[in-house]
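What follows is the content of target.cif, which has mmCIF, C-alpha atoms:
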```
data_work
#
loop_
_atom_site.label_atom_id
_atom_site.label_comp_id
_atom_site.auth_asym_id
_atom_site.auth_seq_id
_atom_site.Cartn_x
_atom_site.Cartn_y
_atom_site.Cartn_z
CA ALA A 1 24.64 -143.26 -254.02
CA GLN A 2 26.58 -146.36 -253.11
CA SER A 3 25.63 -149.33 -251.00
CA VAL A 4 27.40 -152.47 -249.87
CA THR A 5 25.68 -155.69 -248.91
CA GLN A 6 27.30 -158.43 -246.93
CA LEU A 7 24.79 -161.21 -247.09
CA ASP A 8 26.02 -163.22 -244.12
CA SER A 9 26.17 -161.65 -240.69
CA GLN A 10 27.93 -164.71 -239.24
CA VAL A 11 29.91 -167.52 -240.84
CA PRO A 12 30.93 -170.45 -238.62
CA VAL A 13 33.61 -172.70 -240.07
CA PHE A 14 35.96 -175.39 -238.81
CA GLU A 15 39.69 -174.85 -238.68
CA GLU A 16 41.52 -175.71 -241.93
CA ALA A 17 38.29 -175.55 -243.95
CA PRO A 18 37.89 -173.10 -246.84
CA VAL A 19 35.74 -170.02 -246.43
CA GLU A 20 34.06 -167.43 -248.64
CA LEU A 21 32.64 -164.17 -247.33
CA ARG A 22 30.27 -162.56 -249.76
CA CYS A 23 30.11 -158.89 -250.72
CA ASN A 24 27.92 -157.20 -253.31
CA TYR A 25 27.81 -153.51 -254.06
CA SER A 26 25.82 -151.03 -256.06
CA SER A 27 27.08 -147.76 -257.46
CA SER A 28 26.33 -145.41 -260.32
CA VAL A 29 30.06 -144.94 -260.95
CA SER A 30 33.13 -147.14 -261.04
CA VAL A 31 34.47 -148.01 -257.63
CA TYR A 32 37.51 -149.09 -255.72
CA LEU A 33 36.92 -152.07 -253.42
CA PHE A 34 38.39 -152.98 -250.06
CA TRP A 35 38.21 -155.64 -247.38
CA TYR A 36 39.05 -154.69 -243.82
CA VAL A 37 39.38 -156.97 -240.79
CA GLN A 38 38.61 -156.02 -237.21
CA TYR A 39 39.98 -158.21 -234.44
CA PRO A 40 38.35 -157.95 -230.99
CA ASN A 41 38.96 -154.62 -229.28
CA GLN A 42 40.93 -153.28 -232.22
CA GLY A 43 40.41 -150.90 -235.11
CA LEU A 44 40.09 -151.87 -238.75
CA GLN A 45 43.07 -153.21 -240.65
CA LEU A 46 43.27 -153.32 -244.44
CA LEU A 47 43.20 -156.89 -245.71
CA LEU A 48 43.31 -156.22 -249.45
CA LYS A 49 42.16 -153.79 -252.10
CA TYR A 50 41.15 -153.67 -255.75
CA LEU A 51 42.12 -150.45 -257.50
CA SER A 52 42.74 -151.59 -261.09
CA GLY A 53 44.33 -154.36 -263.13
CA SER A 54 43.92 -158.04 -262.32
CA THR A 55 40.53 -158.85 -260.90
CA LEU A 56 42.04 -161.40 -258.51
CA VAL A 57 43.77 -159.64 -255.67
CA LYS A 58 45.80 -161.17 -252.90
CA GLY A 59 46.02 -159.75 -249.42
CA ILE A 60 47.59 -160.46 -246.09
CA ASN A 61 47.15 -163.63 -244.04
CA GLY A 62 46.45 -165.80 -247.10
CA PHE A 63 43.21 -164.06 -248.11
CA GLU A 64 42.25 -163.23 -251.67
CA ALA A 65 39.26 -161.65 -253.38
CA GLU A 66 37.94 -161.51 -256.90
CA PHE A 67 36.28 -158.49 -258.46
CA ASN A 68 33.38 -159.44 -260.71
CA LYS A 69 32.07 -156.35 -262.43
CA SER A 70 29.12 -158.04 -264.14
CA GLN A 71 27.88 -159.42 -260.83
CA THR A 72 28.99 -156.36 -258.84
CA SER A 73 30.64 -158.65 -256.34
CA PHE A 74 33.92 -158.75 -254.44
CA HIS A 75 33.88 -161.99 -252.47
CA LEU A 76 36.66 -162.78 -250.00
CA ARG A 77 38.16 -166.27 -249.85
CA LYS A 78 40.71 -168.26 -247.95
CA PRO A 79 41.49 -171.92 -248.76
CA SER A 80 42.27 -172.94 -245.17
CA VAL A 81 41.36 -170.88 -242.12
CA HIS A 82 43.02 -170.72 -238.72
CA ILE A 83 41.62 -170.02 -235.28
CA SER A 84 43.39 -166.66 -235.43
CA ASP A 85 41.22 -165.62 -238.40
CA THR A 86 38.25 -165.25 -236.06
CA ALA A 87 37.25 -161.61 -236.50
CA GLU A 88 34.78 -159.24 -238.11
CA TYR A 89 35.29 -158.63 -241.82
CA PHE A 90 34.06 -155.52 -243.60
CA CYS A 91 33.69 -154.91 -247.30
CA ALA A 92 33.92 -151.28 -248.43
CA VAL A 93 33.77 -149.23 -251.61
CA SER A 94 34.80 -145.73 -252.66
CA ASP A 95 34.19 -143.75 -255.85
CA GLN A 96 36.74 -143.68 -258.63
CA GLY A 97 35.31 -140.51 -260.08
CA ASN A 98 35.48 -136.96 -258.85
CA THR A 99 32.16 -137.07 -257.04
CA GLY A 100 33.33 -135.14 -254.03
CA ARG A 101 32.84 -138.05 -251.67
CA ARG A 102 36.19 -139.10 -250.34
CA ALA A 103 35.39 -141.63 -247.67
CA LEU A 104 34.42 -145.28 -247.64
CA THR A 105 30.97 -146.86 -247.67
CA PHE A 106 31.01 -149.99 -245.55
CA GLY A 107 28.92 -153.13 -245.42
CA SER A 108 27.44 -154.25 -242.13
CA GLY A 109 30.18 -156.81 -241.55
CA THR A 110 30.51 -160.58 -241.40
CA ARG A 111 31.58 -162.30 -238.22
CA LEU A 112 33.89 -165.21 -239.07
CA GLN A 113 33.98 -167.77 -236.26
CA VAL A 114 36.62 -170.46 -236.70
CA GLN A 115 36.03 -173.50 -234.55
CA PRO A 116 38.61 -176.17 -233.64
CA GLU B 1 50.16 -150.61 -234.61
CA THR B 2 48.64 -148.68 -237.51
CA GLY B 3 50.16 -145.26 -236.78
CA VAL B 4 46.79 -143.86 -235.70
CA THR B 5 46.32 -143.49 -231.94
CA GLN B 6 43.02 -142.82 -230.23
CA THR B 7 42.51 -141.83 -226.61
CA PRO B 8 40.84 -142.70 -224.39
CA ARG B 9 40.14 -146.32 -225.33
CA HIS B 10 37.06 -146.40 -223.12
CA LEU B 11 34.83 -143.59 -221.90
CA VAL B 12 31.72 -143.58 -219.73
CA MET B 13 29.83 -140.33 -219.48
CA GLY B 14 26.52 -139.00 -218.28
CA MET B 15 24.14 -137.17 -220.56
CA THR B 16 25.07 -133.79 -219.09
CA ASN B 17 28.84 -134.26 -219.29
CA LYS B 18 31.25 -132.70 -221.76
CA LYS B 19 34.14 -134.84 -222.96
CA SER B 20 36.50 -135.02 -225.91
CA LEU B 21 37.91 -137.85 -227.98
CA LYS B 22 41.39 -137.47 -229.40
CA CYS B 23 43.00 -138.92 -232.50
CA GLU B 24 46.62 -138.53 -233.53
CA GLN B 25 48.31 -139.91 -236.63
CA HIS B 26 52.04 -140.33 -237.17
CA LEU B 27 51.85 -141.21 -240.86
CA GLY B 28 52.27 -137.80 -242.45
CA HIS B 29 48.71 -137.92 -243.74
CA ASN B 30 46.61 -134.89 -244.57
CA ALA B 31 43.10 -136.30 -244.46
CA MET B 32 41.35 -137.48 -241.30
CA TYR B 33 37.96 -139.04 -240.65
CA TRP B 34 35.56 -139.84 -237.82
CA TYR B 35 33.36 -142.93 -238.07
CA LYS B 36 30.72 -144.30 -235.71
CA GLN B 37 30.38 -148.06 -235.29
CA SER B 38 27.17 -149.22 -233.61
CA ALA B 39 26.24 -152.80 -232.91
CA LYS B 40 24.78 -154.60 -235.94
CA LYS B 41 25.03 -151.52 -238.17
CA PRO B 42 27.49 -150.54 -240.89
CA LEU B 43 30.18 -148.05 -240.05
CA GLU B 44 28.80 -144.56 -240.45
CA LEU B 45 30.99 -141.74 -241.70
CA MET B 46 30.62 -138.66 -239.52
CA PHE B 47 33.18 -136.08 -240.61
CA VAL B 48 36.02 -135.68 -243.10
CA TYR B 49 38.89 -133.21 -242.86
CA ASN B 50 41.38 -132.48 -245.62
CA PHE B 51 44.35 -130.23 -244.81
CA LYS B 52 42.53 -129.11 -241.63
CA GLU B 53 39.41 -128.07 -243.54
CA GLN B 54 36.15 -129.89 -243.00
CA THR B 55 35.01 -131.28 -246.34
CA GLU B 56 32.18 -133.49 -245.23
CA ASN B 57 29.62 -133.51 -242.42
CA ASN B 58 27.32 -136.46 -242.79
CA SER B 59 24.29 -134.86 -241.10
CA VAL B 60 25.75 -135.38 -237.66
CA PRO B 61 23.84 -133.85 -234.70
CA SER B 62 25.39 -130.70 -233.26
CA ARG B 63 26.08 -132.43 -229.94
CA PHE B 64 29.11 -133.83 -231.79
CA SER B 65 31.62 -131.10 -232.60
CA PRO B 66 34.83 -131.95 -234.48
CA GLU B 67 38.04 -129.98 -234.36
CA CYS B 68 41.14 -130.37 -236.52
CA PRO B 69 43.89 -127.99 -235.36
CA ASN B 70 46.49 -129.52 -237.69
CA SER B 71 46.85 -132.43 -240.07
CA SER B 72 48.09 -134.75 -237.31
CA HIS B 73 45.35 -134.24 -234.74
CA LEU B 74 41.61 -134.63 -234.76
CA PHE B 75 39.22 -134.17 -231.86
CA LEU B 76 35.57 -134.98 -231.33
CA HIS B 77 33.97 -132.84 -228.63
CA LEU B 78 30.92 -134.36 -227.00
CA HIS B 79 28.17 -132.63 -225.02
CA THR B 80 24.66 -133.54 -223.90
CA LEU B 81 24.82 -136.93 -225.56
CA GLN B 82 22.02 -139.48 -225.60
CA PRO B 83 22.20 -143.17 -224.66
CA GLU B 84 21.81 -144.08 -228.35
CA ASP B 85 25.14 -142.35 -228.99
CA SER B 86 26.88 -145.22 -227.21
CA ALA B 87 29.13 -146.81 -229.81
CA LEU B 88 32.71 -147.36 -230.92
CA TYR B 89 34.10 -144.18 -232.47
CA LEU B 90 36.83 -144.79 -234.99
CA CYS B 91 39.31 -142.33 -236.38
CA ALA B 92 41.07 -142.87 -239.70
CA SER B 93 43.59 -141.03 -241.83
CA SER B 94 44.78 -141.16 -245.42
CA ARG B 95 47.49 -139.47 -247.45
CA ARG B 96 45.30 -136.81 -248.99
CA ILE B 97 42.01 -136.45 -250.74
CA VAL B 98 42.85 -136.57 -254.38
CA GLU B 99 42.18 -139.32 -256.93
CA SER B 100 38.92 -139.88 -255.20
CA GLY B 101 38.86 -143.02 -253.10
CA ARG B 102 42.22 -144.39 -254.10
CA ASN B 103 44.06 -143.52 -250.91
CA ILE B 104 44.09 -146.20 -248.26
CA GLN B 105 42.56 -145.28 -244.92
CA TYR B 106 44.35 -146.36 -241.75
CA PHE B 107 42.25 -146.77 -238.64
CA GLY B 108 42.85 -146.32 -234.95
CA ALA B 109 41.66 -148.83 -232.37
CA GLY B 110 38.68 -146.68 -231.47
CA THR B 111 37.12 -145.22 -228.34
CA ARG B 112 34.34 -147.30 -226.79
CA LEU B 113 31.82 -144.74 -225.55
CA SER B 114 29.01 -145.52 -223.13
CA VAL B 115 26.44 -142.82 -222.38
CA LEU B 116 24.44 -143.40 -219.20
#
```

This entry written out as structure tokens:
Amino acid sequence: AQSVTQLDSQVPVFEEAPVELRCNYSSSVSVYLFWYVQYPNQGLQLLLKYLSGSTLVKGINGFEAEFNKSQTSFHLRKPSVHISDTAEYFCAVSDQGNTGRRALTFGSGTRLQVQP
Amino acid sequence: ETGVTQTPRHLVMGMTNKKSLKCEQHLGHNAMYWYKQSAKKPLELMFVYNFKEQTENNSVPSRFSPECPNSSHLFLHLHTLQPEDSALYLCASSRRIVESGRNIQYFGAGTRLSVL
């Protein structure tokens, strides 16, 4: 079974400050990792993904994340946030192996609140 | 615009009503998913369809009945719901269910359901 833990339910930050949203996972098999963003009254939009290769992945809107296998983490970072980054951010994992489970397991989300 | 359209966007229903949620994708995908998003809880996978066949039912109560007439359309039929079923219901699609987990899921904006 898989699980995803997002340690912070809310992260307030001032505009132009850096931010890190934390994500840890547990799984008995190798996983693919994703970050999704949900703006108010909208569905989820893929921010970035780690499938293989370089452990540092870059996504849209200036976000990046680093896969750390030893710490089972996939933290999301942005060096300078904007007001428009205010949203809910979800970390998710899916199995690499042929386990029969084809959908995503999500964390509970982190609300990023960017203040002027 | 993600290519996944959900209607209606908002729905209010009584516990004795019967209603249906609709999802349509214009991405040429063959896998479709229903998720439930409740306040302060992780997204919960409900159903998975691959090439119109249901491949996963995540112990969802029978008052939720999915239907997938073709790879582009997915319905969720609702009857005799409970107030605790009030939530945002999200539909997603992906190319197909092979290479477990690798295919990106694209989400609709969701249907906000309130059960009175």

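Coordinates place CA of Gly59 (chain A) at a distance of 19.1 Å from CA of Ser94 (chain B).
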
List the residues selected by the PyMOL selection byres ((chain B) within 12 of (chain A)) in the file shown, writing them as a VMD selection string.
chain B and resid 1 to 6 9 to 10 31 to 50 54 to 58 88 to 112

Could you list, as a PyMOL selection string, every residue within 8 Å of Asp85 (chain B), counting all atoms listed in the file and ignoring same-chain residues fewer than 4 positions away?
chain B and resi 81+113-115

Go ahead and write the selection's residues with C-alpha atoms as an mmCIF file, keeping the file's coordinate frame.
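The result, written out as out.cif:
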```cif
data_model
loop_
_atom_site.group_PDB
_atom_site.id
_atom_site.type_symbol
_atom_site.label_atom_id
_atom_site.label_comp_id
_atom_site.auth_asym_id
_atom_site.auth_seq_id
_atom_site.Cartn_x
_atom_site.Cartn_y
_atom_site.Cartn_z
ATOM 1 C CA LEU B 81 24.820 -136.930 -225.560
ATOM 2 C CA LEU B 113 31.820 -144.740 -225.550
ATOM 3 C CA SER B 114 29.010 -145.520 -223.130
ATOM 4 C CA VAL B 115 26.440 -142.820 -222.380
#
```

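Distance-wise, CA of Val81 (chain A) and CA of Glu16 (chain A) end up 4.8 Å apart.
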
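Across the structure, CA of Thr72 (chain A) and CA of Arg22 (chain A) are spaced 11.1 Å apart.
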
Would you kindly identify which residues have an atom no farther than 8 Å from (24.4, -139.0, -214.8), using all atoms listed in the file and the file's own coordinates, and write them out as a ChimeraX atom specification?
/B:13-17,116

Skip Glu66 (chain A) itself and residues of its chain fewer than 6 positions away, then list as an mmCIF file with C-alpha atoms, in the coordinates of the input all residues within 9 Å of it, counting all atoms listed in the file.
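result_31.cif written:
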```cif
data_model
loop_
_atom_site.group_PDB
_atom_site.id
_atom_site.type_symbol
_atom_site.label_atom_id
_atom_site.label_comp_id
_atom_site.auth_asym_id
_atom_site.auth_seq_id
_atom_site.Cartn_x
_atom_site.Cartn_y
_atom_site.Cartn_z
ATOM 1 C CA TYR A 50 41.150 -153.670 -255.750
ATOM 2 C CA SER A 54 43.920 -158.040 -262.320
ATOM 3 C CA THR A 55 40.530 -158.850 -260.900
ATOM 4 C CA LEU A 56 42.040 -161.400 -258.510
ATOM 5 C CA VAL A 57 43.770 -159.640 -255.670
ATOM 6 C CA LYS A 58 45.800 -161.170 -252.900
ATOM 7 C CA SER A 73 30.640 -158.650 -256.340
ATOM 8 C CA PHE A 74 33.920 -158.750 -254.440
ATOM 9 C CA HIS A 75 33.880 -161.990 -252.470
ATOM 10 C CA LEU A 76 36.660 -162.780 -250.000
ATOM 11 C CA ARG A 77 38.160 -166.270 -249.850
#
```

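Look at Ser20 (chain B): the protein and nucleic acid residues within 9 Å of it, using all atoms listed in the file and passing over chain neighbours fewer than 2 places away, are Pro8, Lys18, Lys22, Phe75, Leu76, His77, Leu78 and His79 of chain B.
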
Please produce a file of those selected residues containing C-alpha atoms, as a PDB file, in the coordinates of the input.
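Final output, saved to result_38.pdb:
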```
ATOM      1  CA  PRO B   8      40.840-142.700-224.390  1.00  0.00           C
ATOM      2  CA  LYS B  18      31.250-132.700-221.760  1.00  0.00           C
ATOM      3  CA  LYS B  22      41.390-137.470-229.400  1.00  0.00           C
ATOM      4  CA  PHE B  75      39.220-134.170-231.860  1.00  0.00           C
ATOM      5  CA  LEU B  76      35.570-134.980-231.330  1.00  0.00           C
ATOM      6  CA  HIS B  77      33.970-132.840-228.630  1.00  0.00           C
ATOM      7  CA  LEU B  78      30.920-134.360-227.000  1.00  0.00           C
ATOM      8  CA  HIS B  79      28.170-132.630-225.020  1.00  0.00           C
TER       9      HIS B  79
END
```
